[in-house]
Amino acid sequence: MSRLNILTIPNRKKSLRQKSTEVNPQKISSPEMQSFFDNLQETMLKADGLGLAAPQVDQLIRIIAVNMDESTQIMINPKITKKSWSRNIAEEGCLSIPNIYAKVKRSKKINVEYLDRQGQPQKLKTKNLAARIIQHEIDHLDGILFIDKMVH
């Protein structure tokens with residue numbers, strides 16, 4: 001495994017502001033893709049992050065790594081299928097925007113569908129911090145940064 005380079009603001013590359021493309025399910029089992037999943041997870045953990053999206057390591061594909069409940073999860077082509085009306089405001093940070101924190105309003109509960117690293121469809125209902133992390137990382141897949149959603 002190798003640690004990937006995390007893009008930070010300001011960066012001349014536009015990856016952090018571009019929309020990512022879906023991963024072809026046929027490619028998920030390839031050795032290259034499996035290695036990328038391992039490297040993405042390792043990079044997130046070594047950087048002490050709670051999540052990391054592929055665009056943050058200059059890969060414009062819809063993959064996120066999430067560190068939840070003492071286990072890491074790879075989510076491929078994640079889609080939020082339901083958000084609660086109930087929201088809360090909490091401070092967020094980002095590995096691509098070091099040393100800056102801001103309050104962001106997000107749904108307290110979400111349902112998300114994704115493919116796991118074996119290409120199997122998964123559904124997850126989650127709340128609180130895990131829901132916040134997933135929403136933050138999916139924003140990265142759409143070229144949105146948490147500073148775009150700051151509240152005062």
# chains A, B, ... in the order shown; residues from 1 in each chain; ligands from 1

call {"tool": "select_by_dssp", "arguments": {"residues": "stretch 16-137 of chain A", "states": "strand (DSSP E)", "output": "MDAnalysis selection string"}}
result
chainID A and resid 51:53 63:68 71:83 87:94 97:107 109:115 121:127

call {"tool": "residues_around", "arguments": {"residues": "stretch 44-61 of chain A", "least_positions_apart": "5", "cutoff": "7 Å", "atoms": "only C-alpha atoms", "output": "PDB file with N, CA, C and O atoms, in the first residue's frame"}}
result
ATOM      1  N   LEU A   4      -1.414   8.228  -0.677  1.00  0.00           N
ATOM      2  CA  LEU A   4      -1.690   9.100  -1.814  1.00  0.00           C
ATOM      3  C   LEU A   4      -1.496  10.556  -1.410  1.00  0.00           C
ATOM      4  O   LEU A   4      -1.561  10.898  -0.234  1.00  0.00           O
ATOM      5  N   ASN A   5      -1.278  11.406  -2.377  1.00  0.00           N
ATOM      6  CA  ASN A   5      -1.105  12.829  -2.132  1.00  0.00           C
ATOM      7  C   ASN A   5      -2.481  13.510  -2.061  1.00  0.00           C
ATOM      8  O   ASN A   5      -3.263  13.420  -3.013  1.00  0.00           O
ATOM      9  N   ILE A   6      -2.773  14.161  -0.938  1.00  0.00           N
ATOM     10  CA  ILE A   6      -4.053  14.846  -0.765  1.00  0.00           C
ATOM     11  C   ILE A   6      -3.929  16.273  -1.310  1.00  0.00           C
ATOM     12  O   ILE A   6      -3.055  17.022  -0.896  1.00  0.00           O
ATOM     13  N   LEU A   7      -4.818  16.607  -2.250  1.00  0.00           N
ATOM     14  CA  LEU A   7      -4.846  17.967  -2.790  1.00  0.00           C
ATOM     15  C   LEU A   7      -5.369  18.920  -1.726  1.00  0.00           C
ATOM     16  O   LEU A   7      -6.322  18.595  -1.009  1.00  0.00           O
ATOM     17  N   SER A  15      -9.503  19.473  -9.687  1.00  0.00           N
ATOM     18  CA  SER A  15     -10.193  18.265  -9.230  1.00  0.00           C
ATOM     19  C   SER A  15     -11.145  18.498  -8.066  1.00  0.00           C
ATOM     20  O   SER A  15     -12.198  17.880  -7.987  1.00  0.00           O
ATOM     21  N   LEU A  16     -10.769  19.389  -7.151  1.00  0.00           N
ATOM     22  CA  LEU A  16     -11.616  19.612  -5.973  1.00  0.00           C
ATOM     23  C   LEU A  16     -12.922  20.307  -6.325  1.00  0.00           C
ATOM     24  O   LEU A  16     -13.854  20.305  -5.526  1.00  0.00           O
ATOM     25  N   SER A  20     -17.402  14.283 -10.234  1.00  0.00           N
ATOM     26  CA  SER A  20     -16.784  12.996 -10.532  1.00  0.00           C
ATOM     27  C   SER A  20     -17.716  12.111 -11.351  1.00  0.00           C
ATOM     28  O   SER A  20     -18.926  12.249 -11.292  1.00  0.00           O
ATOM     29  N   THR A  21     -17.111  11.172 -12.082  1.00  0.00           N
ATOM     30  CA  THR A  21     -17.898  10.238 -12.886  1.00  0.00           C
ATOM     31  C   THR A  21     -18.089   8.929 -12.126  1.00  0.00           C
ATOM     32  O   THR A  21     -17.265   8.550 -11.290  1.00  0.00           O
ATOM     33  N   GLU A  22     -19.172   8.236 -12.460  1.00  0.00           N
ATOM     34  CA  GLU A  22     -19.465   6.959 -11.817  1.00  0.00           C
ATOM     35  C   GLU A  22     -18.417   5.917 -12.210  1.00  0.00           C
ATOM     36  O   GLU A  22     -17.858   5.962 -13.304  1.00  0.00           O
ATOM     37  N   VAL A  23     -18.207   4.979 -11.300  1.00  0.00           N
ATOM     38  CA  VAL A  23     -17.284   3.882 -11.545  1.00  0.00           C
ATOM     39  C   VAL A  23     -18.050   2.767 -12.258  1.00  0.00           C
ATOM     40  O   VAL A  23     -19.153   2.402 -11.841  1.00  0.00           O
ATOM     41  N   VAL A  66     -14.809   6.067   4.311  1.00  0.00           N
ATOM     42  CA  VAL A  66     -15.413   6.632   5.513  1.00  0.00           C
ATOM     43  C   VAL A  66     -14.939   5.832   6.720  1.00  0.00           C
ATOM     44  O   VAL A  66     -14.909   4.602   6.684  1.00  0.00           O
ATOM     45  N   ASN A  67     -14.562   6.549   7.769  1.00  0.00           N
ATOM     46  CA  ASN A  67     -14.088   5.930   8.996  1.00  0.00           C
ATOM     47  C   ASN A  67     -15.223   6.035  10.016  1.00  0.00           C
ATOM     48  O   ASN A  67     -15.438   7.087  10.599  1.00  0.00           O
ATOM     49  N   LEU A  95      -9.521  17.526   5.124  1.00  0.00           N
ATOM     50  CA  LEU A  95      -8.101  17.279   4.852  1.00  0.00           C
ATOM     51  C   LEU A  95      -7.593  18.125   3.686  1.00  0.00           C
ATOM     52  O   LEU A  95      -6.395  18.385   3.588  1.00  0.00           O
ATOM     53  N   SER A  96      -8.486  18.573   2.809  1.00  0.00           N
ATOM     54  CA  SER A  96      -8.085  19.413   1.674  1.00  0.00           C
ATOM     55  C   SER A  96      -8.061  20.900   2.016  1.00  0.00           C
ATOM     56  O   SER A  96      -7.628  21.709   1.201  1.00  0.00           O
ATOM     57  N   ILE A 133     -20.440  12.789   7.979  1.00  0.00           N
ATOM     58  CA  ILE A 133     -19.236  12.432   7.224  1.00  0.00           C
ATOM     59  C   ILE A 133     -19.607  12.033   5.788  1.00  0.00           C
ATOM     60  O   ILE A 133     -18.995  12.506   4.827  1.00  0.00           O
ATOM     61  N   GLU A 137     -18.457  13.896   2.321  1.00  0.00           N
ATOM     62  CA  GLU A 137     -17.662  13.216   1.291  1.00  0.00           C
ATOM     63  C   GLU A 137     -18.393  13.159  -0.049  1.00  0.00           C
ATOM     64  O   GLU A 137     -17.773  13.326  -1.100  1.00  0.00           O
ATOM     65  N   HIS A 140     -17.914  16.246  -1.959  1.00  0.00           N
ATOM     66  CA  HIS A 140     -16.648  16.270  -2.707  1.00  0.00           C
ATOM     67  C   HIS A 140     -16.817  15.673  -4.105  1.00  0.00           C
ATOM     68  O   HIS A 140     -16.200  16.140  -5.061  1.00  0.00           O
ATOM     69  N   LEU A 141     -17.641  14.635  -4.223  1.00  0.00           N
ATOM     70  CA  LEU A 141     -17.854  13.983  -5.514  1.00  0.00           C
ATOM     71  C   LEU A 141     -18.559  14.913  -6.499  1.00  0.00           C
ATOM     72  O   LEU A 141     -18.507  14.704  -7.709  1.00  0.00           O
TER      73      LEU A 141
END

call {"tool": "select_by_dssp", "arguments": {"residues": "chain A", "states": "alpha helix (DSSP H)", "output": "PyMOL selection string"}}
result
chain A and resi 31-46+128-141

call {"tool": "write_last_selection", "arguments": {"atoms": "C-alpha atoms", "output": "CSV table (one decimal), in the first residue's frame"}}
result
chain,number,residue,atom,x,y,z
A,31,PRO,CA,-6.3,-5.3,-9.1
A,32,GLU,CA,-5.8,-1.6,-9.8
A,33,MET,CA,-9.1,-0.6,-8.3
A,34,GLN,CA,-8.7,-2.8,-5.3
A,35,SER,CA,-5.3,-1.3,-4.7
A,36,PHE,CA,-6.8,2.2,-5.0
A,37,PHE,CA,-9.3,1.3,-2.3
A,38,ASP,CA,-6.6,0.2,0.0
A,39,ASN,CA,-4.5,3.3,-0.7
A,40,LEU,CA,-7.5,5.6,-0.2
A,41,GLN,CA,-8.3,4.0,3.2
A,42,GLU,CA,-4.6,4.1,4.3
A,43,THR,CA,-4.2,7.7,3.3
A,44,MET,CA,-7.4,8.7,5.2
A,45,LEU,CA,-6.3,6.9,8.4
A,46,LYS,CA,-2.6,8.1,8.2
A,128,ASN,CA,-25.4,11.9,13.5
A,129,LEU,CA,-21.6,11.9,12.9
A,130,ALA,CA,-21.6,9.1,10.3
A,131,ALA,CA,-24.4,10.8,8.3
A,132,ARG,CA,-22.4,14.1,8.5
A,133,ILE,CA,-19.2,12.4,7.2
A,134,ILE,CA,-21.0,10.7,4.3
A,135,GLN,CA,-22.8,13.9,3.3
A,136,HIS,CA,-19.5,15.8,3.4
A,137,GLU,CA,-17.7,13.2,1.3
A,138,ILE,CA,-20.5,12.9,-1.3
A,139,ASP,CA,-20.3,16.7,-1.6
A,140,HIS,CA,-16.6,16.3,-2.7
A,141,LEU,CA,-17.9,14.0,-5.5

call {"tool": "atom_distance", "arguments": {"atom1": "atom CA of A:Glu92", "atom2": "atom CA of A:Lys105"}}
result
9.8 Å

call {"tool": "residues_around", "arguments": {"residues": "stretch 106-111 of chain A", "least_positions_apart": "5", "cutoff": "8 Å", "atoms": "only C-alpha atoms", "output": "list of chain:residue names"}}
result
A:Ile80, A:Thr81, A:Lys82, A:Lys83, A:Ser84, A:Trp85, A:Ser86, A:Arg87, A:Asn88, A:Ile89, A:Lys123, A:Leu124, A:Lys125, A:Thr126, A:Lys127, A:Asn128, A:Ala131, A:Arg132, A:Gln135

call {"tool": "residues_around", "arguments": {"residues": "A:Ile147", "least_positions_apart": "2", "cutoff": "10 Å", "atoms": "only C-alpha atoms", "output": "ChimeraX atom specification"}}
result
/A:92-94,97,100-104,144-145,149-151

call {"tool": "closest_residue", "arguments": {"among": "A:Ser2, A:Pro121, A:Val112, A:Ile63", "to": "A:Lys19", "atoms": "only C-alpha atoms"}}
result
A:Ile63

call {"tool": "atom_distance", "arguments": {"atom1": "atom CA of A:Asp116", "atom2": "atom CA of A:Gly143"}}
result
22.2 Å

call {"tool": "atom_distance", "arguments": {"atom1": "atom CA of A:Asn77", "atom2": "atom CA of A:Asn99"}}
result
28.8 Å

call {"tool": "residues_around", "arguments": {"residues": "A:Pro25", "least_positions_apart": "4", "cutoff": "10 Å", "atoms": "only C-alpha atoms", "output": "ChimeraX atom specification"}}
result
/A:29,76-77,115,117-120

call {"tool": "write_last_selection", "arguments": {"atoms": "all heavy atoms", "output": "JSON list (two decimals), in the first residue's frame"}}
result
[["chain", "number", "residue", "atom", "x", "y", "z"],
["A", 29, "SER", "N", -13.56, -5.02, -9.39],
["A", 29, "SER", "CA", -12.75, -6.16, -8.93],
["A", 29, "SER", "C", -11.32, -6.14, -9.49],
["A", 29, "SER", "O", -10.51, -6.99, -9.11],
["A", 29, "SER", "CB", -13.44, -7.48, -9.28],
["A", 29, "SER", "OG", -13.57, -7.57, -10.68],
["A", 76, "ILE", "N", -18.73, 3.02, -3.22],
["A", 76, "ILE", "CA", -18.56, 3.29, -4.65],
["A", 76, "ILE", "C", -19.91, 3.74, -5.21],
["A", 76, "ILE", "O", -20.94, 3.12, -4.95],
["A", 76, "ILE", "CB", -18.08, 2.01, -5.37],
["A", 76, "ILE", "CG1", -16.79, 1.51, -4.71],
["A", 76, "ILE", "CG2", -17.89, 2.26, -6.87],
["A", 76, "ILE", "CD1", -16.53, 0.05, -4.90],
["A", 77, "ASN", "N", -19.88, 4.83, -5.97],
["A", 77, "ASN", "CA", -21.09, 5.43, -6.55],
["A", 77, "ASN", "C", -22.17, 5.66, -5.49],
["A", 77, "ASN", "O", -23.34, 5.30, -5.69],
["A", 77, "ASN", "CB", -21.64, 4.57, -7.70],
["A", 77, "ASN", "CG", -20.63, 4.37, -8.81],
["A", 77, "ASN", "OD1", -19.75, 5.19, -9.02],
["A", 77, "ASN", "ND2", -20.76, 3.28, -9.54],
["A", 115, "LEU", "N", -22.19, 0.75, -3.85],
["A", 115, "LEU", "CA", -21.59, -0.56, -4.09],
["A", 115, "LEU", "C", -20.41, -0.70, -3.13],
["A", 115, "LEU", "O", -19.66, 0.26, -2.92],
["A", 115, "LEU", "CB", -21.10, -0.67, -5.53],
["A", 115, "LEU", "CG", -22.17, -0.52, -6.62],
["A", 115, "LEU", "CD1", -21.53, -0.53, -8.00],
["A", 115, "LEU", "CD2", -23.22, -1.60, -6.50],
["A", 117, "ARG", "N", -16.76, -2.79, -1.95],
["A", 117, "ARG", "CA", -15.54, -3.05, -2.74],
["A", 117, "ARG", "C", -15.57, -4.39, -3.46],
["A", 117, "ARG", "O", -14.69, -4.69, -4.26],
["A", 117, "ARG", "CB", -14.28, -2.87, -1.91],
["A", 117, "ARG", "CG", -14.17, -3.71, -0.69],
["A", 117, "ARG", "CD", -12.93, -3.36, 0.10],
["A", 117, "ARG", "NE", -11.74, -3.61, -0.69],
["A", 117, "ARG", "CZ", -10.56, -3.07, -0.45],
["A", 117, "ARG", "NH1", -10.40, -2.24, 0.54],
["A", 117, "ARG", "NH2", -9.52, -3.36, -1.21],
["A", 118, "GLN", "N", -16.60, -5.21, -3.22],
["A", 118, "GLN", "CA", -16.81, -6.42, -4.00],
["A", 118, "GLN", "C", -17.82, -6.19, -5.12],
["A", 118, "GLN", "O", -18.18, -7.10, -5.85],
["A", 118, "GLN", "CB", -17.30, -7.57, -3.10],
["A", 118, "GLN", "CG", -16.23, -8.18, -2.22],
["A", 118, "GLN", "CD", -15.86, -7.30, -1.04],
["A", 118, "GLN", "OE1", -16.70, -6.73, -0.37],
["A", 118, "GLN", "NE2", -14.56, -7.18, -0.80],
["A", 119, "GLY", "N", -18.33, -4.95, -5.21],
["A", 119, "GLY", "CA", -19.30, -4.61, -6.25],
["A", 119, "GLY", "C", -20.73, -4.96, -5.87],
["A", 119, "GLY", "O", -21.63, -4.89, -6.70],
["A", 120, "GLN", "N", -20.95, -5.31, -4.60],
["A", 120, "GLN", "CA", -22.28, -5.69, -4.14],
["A", 120, "GLN", "C", -23.07, -4.45, -3.70],
["A", 120, "GLN", "O", -22.53, -3.59, -3.00],
["A", 120, "GLN", "CB", -22.19, -6.66, -2.96],
["A", 120, "GLN", "CG", -21.53, -7.98, -3.30],
["A", 120, "GLN", "CD", -22.22, -8.69, -4.44],
["A", 120, "GLN", "OE1", -23.43, -8.92, -4.40],
["A", 120, "GLN", "NE2", -21.47, -9.04, -5.47]]
